[in-house]
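> Pasting a structure here, questions to come.
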Amino acid sequence: MPQQDQTIAAIREAVRLSPDSIPLRQHLAELLVQQGDYPAAEQEYRQALMLAPEDIKIKLGLAEVFFIQEKTSAALVIVEELTSKDEPAPAALMLLSRLYLRSGDEQQAAAAYSRAVKSDPTLFDAELEVRFQPFLEAEKAEDEARKLKIPLGGEAPPPSPDTDLERPDMSFKDVGGMEKLKEEIRMKIIHPLEHPEIYQAYGKKVGGGILMYGPPGCGKTYLARATAGEVNANFLAVGLHDVLNMYIGQSENNLHELFEMARDNQPCVLFFDEVDALGASRSDLRHSAGRQLINQFLSEMDGVSASNEGVLILAATNAPWHLDSAFRRPGRFDRIIFVPPPDAEAREGILKIMLKDKPTDDIQYAKIAKKTENFSGADLKAIVDIAVENKLEAAMKAGRPSPLETKDLLNALKQLRPTTKEWFSTARNYALYSNQSGIYDDILSYLKIK
């Protein structure tokens, strides 16, 4: 038996006798990697991680084994969590660069590589330097411009954001299902507005924040508008284009003005869609300007310069793992709510709402709902749209319209697959490997993973 095989056999026996020994399991995993037995190494790293969930070396070892086995998504989850720390390990940044490169995102790969080499110059890679040269030179030029406070385009800052207040004419009755989520919003937003004296008696302010996360197309934006309509409040929807600007300091100014507009028109629901794009983890950002925007956002939420009394902050994201953890502290987004795909009852309700103004003939809603498990609200809309298009085509040929029937919707269903499965594939990895605070426990419960 070769010497290395003998060593591995001996370490295996030691692990068998001391199954809770973290150093033994870690050493065994490292030897298995050297031998090229990556599945066995992965198993040992997993066992070690169960014993020491916060051990950075074990996490990095597992991520490297995932990378070698081309389990890119699982590796990326672990490495993104490791590099979200204030002073991430340079080796983790280097692996992150290679993961981004494999995914085709050369700009992000170059940024991670730059951070790794700045932290540890011994990680310099001549091949990657040549490959990333255009990005690294652009980053250097941008840093120089920011130091000199030179705008990156034009001569004068553009005007402040031109965002209109809305008065939504919809309410919760227009939202199919989501009863648990509606009740959360009632407790946090609606009841305080309707009974301010009770909340004031307990020293609770009228306002605060709720972060909704889940697969795309499951009604987060729709629910935010319905919330404003439910309490007859103003509604201010904020997108990336309303805030981000290439001029130094202008993005922060735009964000401040949007909060001021909400404060001047209370009660107001201030809704941030894709909030992770505005509130990305500060440790992921290459430039200080991005971090300053996050700090401004946090300051506005805390009401440092002005009271947020009567300002109700809702936000939606498909990627909560990319949101800076500071947003989850008390007084900011105190409620973080998972918005899953609608259940059968909710799917039935959504279909009824979507078809209420269309000609129908005895639709078997329960039958369709049963066959659309894991379908989002957007997926259900696609079914209705396809069924209507097919019906229109038939009406043009026949010269007369006919009502939608159950079979029309079932035929349309055959052409589609639920779009939520890809999201859950990624979310599952975060829930398993980056869930120290328990924020993603709802995902594990939904997927029936203990």
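Every chain in the structure tokens has a letter given in the order shown (A, B, ...), and although residue numbers restart at 1 in each chain, ligands are simply numbered from 1 in the order shown.
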Give me, as a PyMOL selection string, all polymer residues having an atom no more than 10 Å from A:Gln107, counting only C-alpha atoms and skipping those fewer than 4 positions away in the same chain.
chain A and resi 97+100-101+111-113+132+134-136+139
> Which residues are near stretch 172-184 of chain A? Cut-off 12 Å, only C-alpha atoms, ignore same chain within fewer than 3 positions. Put them as an NGL selection string.
:A and (168-169 or 187-191 or 209-213 or 218-232 or 334-354 or 356 or 376-377 or 380)
> Give me a file of those residues, with N, CA and C atoms, as a compact mmCIF listing (two decimals), in the first residue's frame.

```
# COMPACT_ATOMS: atom_id res chain seq x y z
N PRO A 168 -52.50 54.76 -5.07
CA PRO A 168 -52.99 53.51 -5.65
C PRO A 168 -54.48 53.30 -5.38
N ASP A 169 -55.19 52.82 -6.40
CA ASP A 169 -56.62 52.56 -6.26
C ASP A 169 -56.90 51.08 -6.03
N MET A 187 -49.99 44.42 11.04
CA MET A 187 -49.44 44.69 12.37
C MET A 187 -48.38 45.78 12.34
N LYS A 188 -47.58 45.80 11.29
CA LYS A 188 -46.46 46.72 11.24
C LYS A 188 -46.85 48.09 10.69
N ILE A 189 -47.80 48.12 9.77
CA ILE A 189 -48.10 49.37 9.06
C ILE A 189 -49.53 49.85 9.24
N ILE A 190 -50.49 48.97 8.98
CA ILE A 190 -51.89 49.41 8.91
C ILE A 190 -52.45 49.73 10.30
N HIS A 191 -52.31 48.82 11.25
CA HIS A 191 -52.86 49.06 12.60
C HIS A 191 -52.26 50.31 13.25
N GLY A 209 -39.81 49.61 8.81
CA GLY A 209 -39.52 48.98 7.53
C GLY A 209 -39.79 47.50 7.49
N ILE A 210 -40.19 47.04 6.31
CA ILE A 210 -40.40 45.62 6.05
C ILE A 210 -39.64 45.27 4.78
N LEU A 211 -38.86 44.21 4.85
CA LEU A 211 -38.14 43.72 3.67
C LEU A 211 -38.80 42.42 3.22
N MET A 212 -39.23 42.40 1.98
CA MET A 212 -39.82 41.20 1.40
C MET A 212 -38.82 40.57 0.44
N TYR A 213 -38.63 39.26 0.58
CA TYR A 213 -37.72 38.59 -0.34
C TYR A 213 -38.33 37.27 -0.82
N CYS A 218 -43.49 36.91 -7.71
CA CYS A 218 -44.43 36.38 -6.71
C CYS A 218 -45.25 37.47 -6.03
N GLY A 219 -45.23 38.69 -6.57
CA GLY A 219 -46.17 39.72 -6.11
C GLY A 219 -45.65 40.69 -5.09
N LYS A 220 -44.34 40.82 -4.91
CA LYS A 220 -43.81 41.73 -3.89
C LYS A 220 -44.14 43.19 -4.22
N THR A 221 -43.92 43.59 -5.46
CA THR A 221 -44.21 44.97 -5.86
C THR A 221 -45.72 45.24 -5.84
N TYR A 222 -46.48 44.28 -6.31
CA TYR A 222 -47.94 44.39 -6.34
C TYR A 222 -48.48 44.58 -4.92
N LEU A 223 -47.92 43.82 -3.98
CA LEU A 223 -48.36 43.90 -2.59
C LEU A 223 -48.01 45.26 -1.98
N ALA A 224 -46.87 45.82 -2.35
CA ALA A 224 -46.48 47.13 -1.82
C ALA A 224 -47.49 48.19 -2.24
N ARG A 225 -47.90 48.17 -3.50
CA ARG A 225 -48.92 49.13 -3.96
C ARG A 225 -50.25 48.92 -3.25
N ALA A 226 -50.61 47.66 -3.06
CA ALA A 226 -51.87 47.36 -2.37
C ALA A 226 -51.84 47.84 -0.93
N THR A 227 -50.66 47.79 -0.30
CA THR A 227 -50.51 48.27 1.08
C THR A 227 -50.82 49.75 1.17
N ALA A 228 -50.27 50.52 0.23
CA ALA A 228 -50.55 51.97 0.22
C ALA A 228 -52.02 52.23 -0.01
N GLY A 229 -52.64 51.47 -0.91
CA GLY A 229 -54.07 51.64 -1.16
C GLY A 229 -54.92 51.25 0.03
N GLU A 230 -54.48 50.25 0.76
CA GLU A 230 -55.23 49.77 1.93
C GLU A 230 -55.35 50.84 3.00
N VAL A 231 -54.33 51.68 3.15
CA VAL A 231 -54.35 52.72 4.19
C VAL A 231 -54.55 54.12 3.59
N ASN A 232 -54.88 54.15 2.29
CA ASN A 232 -55.12 55.43 1.62
C ASN A 232 -53.92 56.36 1.78
N ASP A 334 -36.98 45.82 10.33
CA ASP A 334 -37.11 44.93 11.48
C ASP A 334 -37.85 43.65 11.14
N ARG A 335 -38.69 43.70 10.11
CA ARG A 335 -39.41 42.50 9.69
C ARG A 335 -38.86 42.08 8.32
N ILE A 336 -38.39 40.87 8.25
CA ILE A 336 -37.90 40.32 6.98
C ILE A 336 -38.79 39.14 6.64
N ILE A 337 -39.53 39.26 5.56
CA ILE A 337 -40.60 38.31 5.27
C ILE A 337 -40.34 37.59 3.95
N PHE A 338 -40.40 36.27 4.02
CA PHE A 338 -40.24 35.43 2.85
C PHE A 338 -41.56 35.40 2.07
N VAL A 339 -41.49 35.72 0.80
CA VAL A 339 -42.68 35.69 -0.06
C VAL A 339 -42.53 34.50 -1.02
N PRO A 340 -43.13 33.37 -0.68
CA PRO A 340 -42.97 32.18 -1.50
C PRO A 340 -43.90 32.22 -2.71
N PRO A 341 -43.75 31.27 -3.62
CA PRO A 341 -44.74 31.14 -4.68
C PRO A 341 -46.12 30.91 -4.07
N PRO A 342 -47.17 31.38 -4.69
CA PRO A 342 -48.51 31.23 -4.10
C PRO A 342 -48.90 29.76 -3.94
N ASP A 343 -49.60 29.46 -2.83
CA ASP A 343 -50.09 28.09 -2.64
C ASP A 343 -51.32 27.86 -3.51
N ALA A 344 -51.90 26.67 -3.44
CA ALA A 344 -53.00 26.32 -4.33
C ALA A 344 -54.18 27.29 -4.18
N GLU A 345 -54.52 27.63 -2.92
CA GLU A 345 -55.63 28.55 -2.69
C GLU A 345 -55.33 29.93 -3.27
N ALA A 346 -54.09 30.36 -3.08
CA ALA A 346 -53.69 31.66 -3.61
C ALA A 346 -53.67 31.65 -5.14
N ARG A 347 -53.18 30.55 -5.73
CA ARG A 347 -53.16 30.46 -7.20
C ARG A 347 -54.57 30.53 -7.76
N GLU A 348 -55.49 29.90 -7.06
CA GLU A 348 -56.89 29.95 -7.49
C GLU A 348 -57.40 31.39 -7.44
N GLY A 349 -57.08 32.09 -6.36
CA GLY A 349 -57.51 33.48 -6.22
C GLY A 349 -56.88 34.38 -7.26
N ILE A 350 -55.59 34.16 -7.54
CA ILE A 350 -54.90 34.98 -8.54
C ILE A 350 -55.52 34.78 -9.93
N LEU A 351 -55.80 33.55 -10.27
CA LEU A 351 -56.41 33.26 -11.58
C LEU A 351 -57.78 33.92 -11.71
N LYS A 352 -58.55 33.90 -10.61
CA LYS A 352 -59.87 34.54 -10.64
C LYS A 352 -59.75 36.04 -10.88
N ILE A 353 -58.76 36.66 -10.23
CA ILE A 353 -58.55 38.10 -10.41
C ILE A 353 -58.12 38.39 -11.85
N MET A 354 -57.25 37.56 -12.39
CA MET A 354 -56.74 37.78 -13.75
C MET A 354 -57.80 37.57 -14.82
N LYS A 356 -61.21 37.95 -14.27
CA LYS A 356 -62.52 38.50 -13.92
C LYS A 356 -63.12 39.39 -15.01
N SER A 376 -45.20 31.01 -10.07
CA SER A 376 -45.32 32.35 -9.48
C SER A 376 -46.54 33.05 -10.07
N GLY A 377 -46.86 34.22 -9.51
CA GLY A 377 -47.95 35.02 -10.07
C GLY A 377 -47.67 35.41 -11.51
N LEU A 380 -48.38 32.49 -13.74
CA LEU A 380 -49.83 32.33 -13.97
C LEU A 380 -50.33 33.34 -14.99
```
> Can you tell me, as a ChimeraX atom specification, which residues in stretch 256-423 of chain A count as helix (DSSP H, G or I) by DSSP?
/A:256-264,275-278,282-284,288-302,320-322,325-328,344-355,365-370,377-398,406-413,420-423
> Select, from A:Met396, A:Leu432, A:Ala29, A:Leu444, the residue with the minimum atom-to-atom distance to A:Ala75, counting only C-alpha atoms.
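Closest to A:Ala75 of all the choices is A:Leu432.
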> Determine, counting only C-alpha atoms, which protein, DNA and RNA residues have an atom within 9 Å of an atom of A:Asn253; residues of the same chain fewer than 4 positions away are not included. Present the result as a PyMOL selection string.
chain A and resi 160+243+249+257-258+296
> Within 8 Å of stretch 305-313 of chain A, counting only C-alpha atoms, which residues show up once you throw out same-chain ones fewer than 2 positions away? Write them as a list in words, please.
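Non-adjacent residues within range: Ile189, Leu193, Lys205, Val206, Gly207, Gly208, Gly209, Ile210, Ala262, Arg263, Gln266, Pro267, Cys268, Val269, Leu270, Phe271, Phe272, Ser299, Glu300, Met301, Asp302, Gly303 and Ala315 of chain A.
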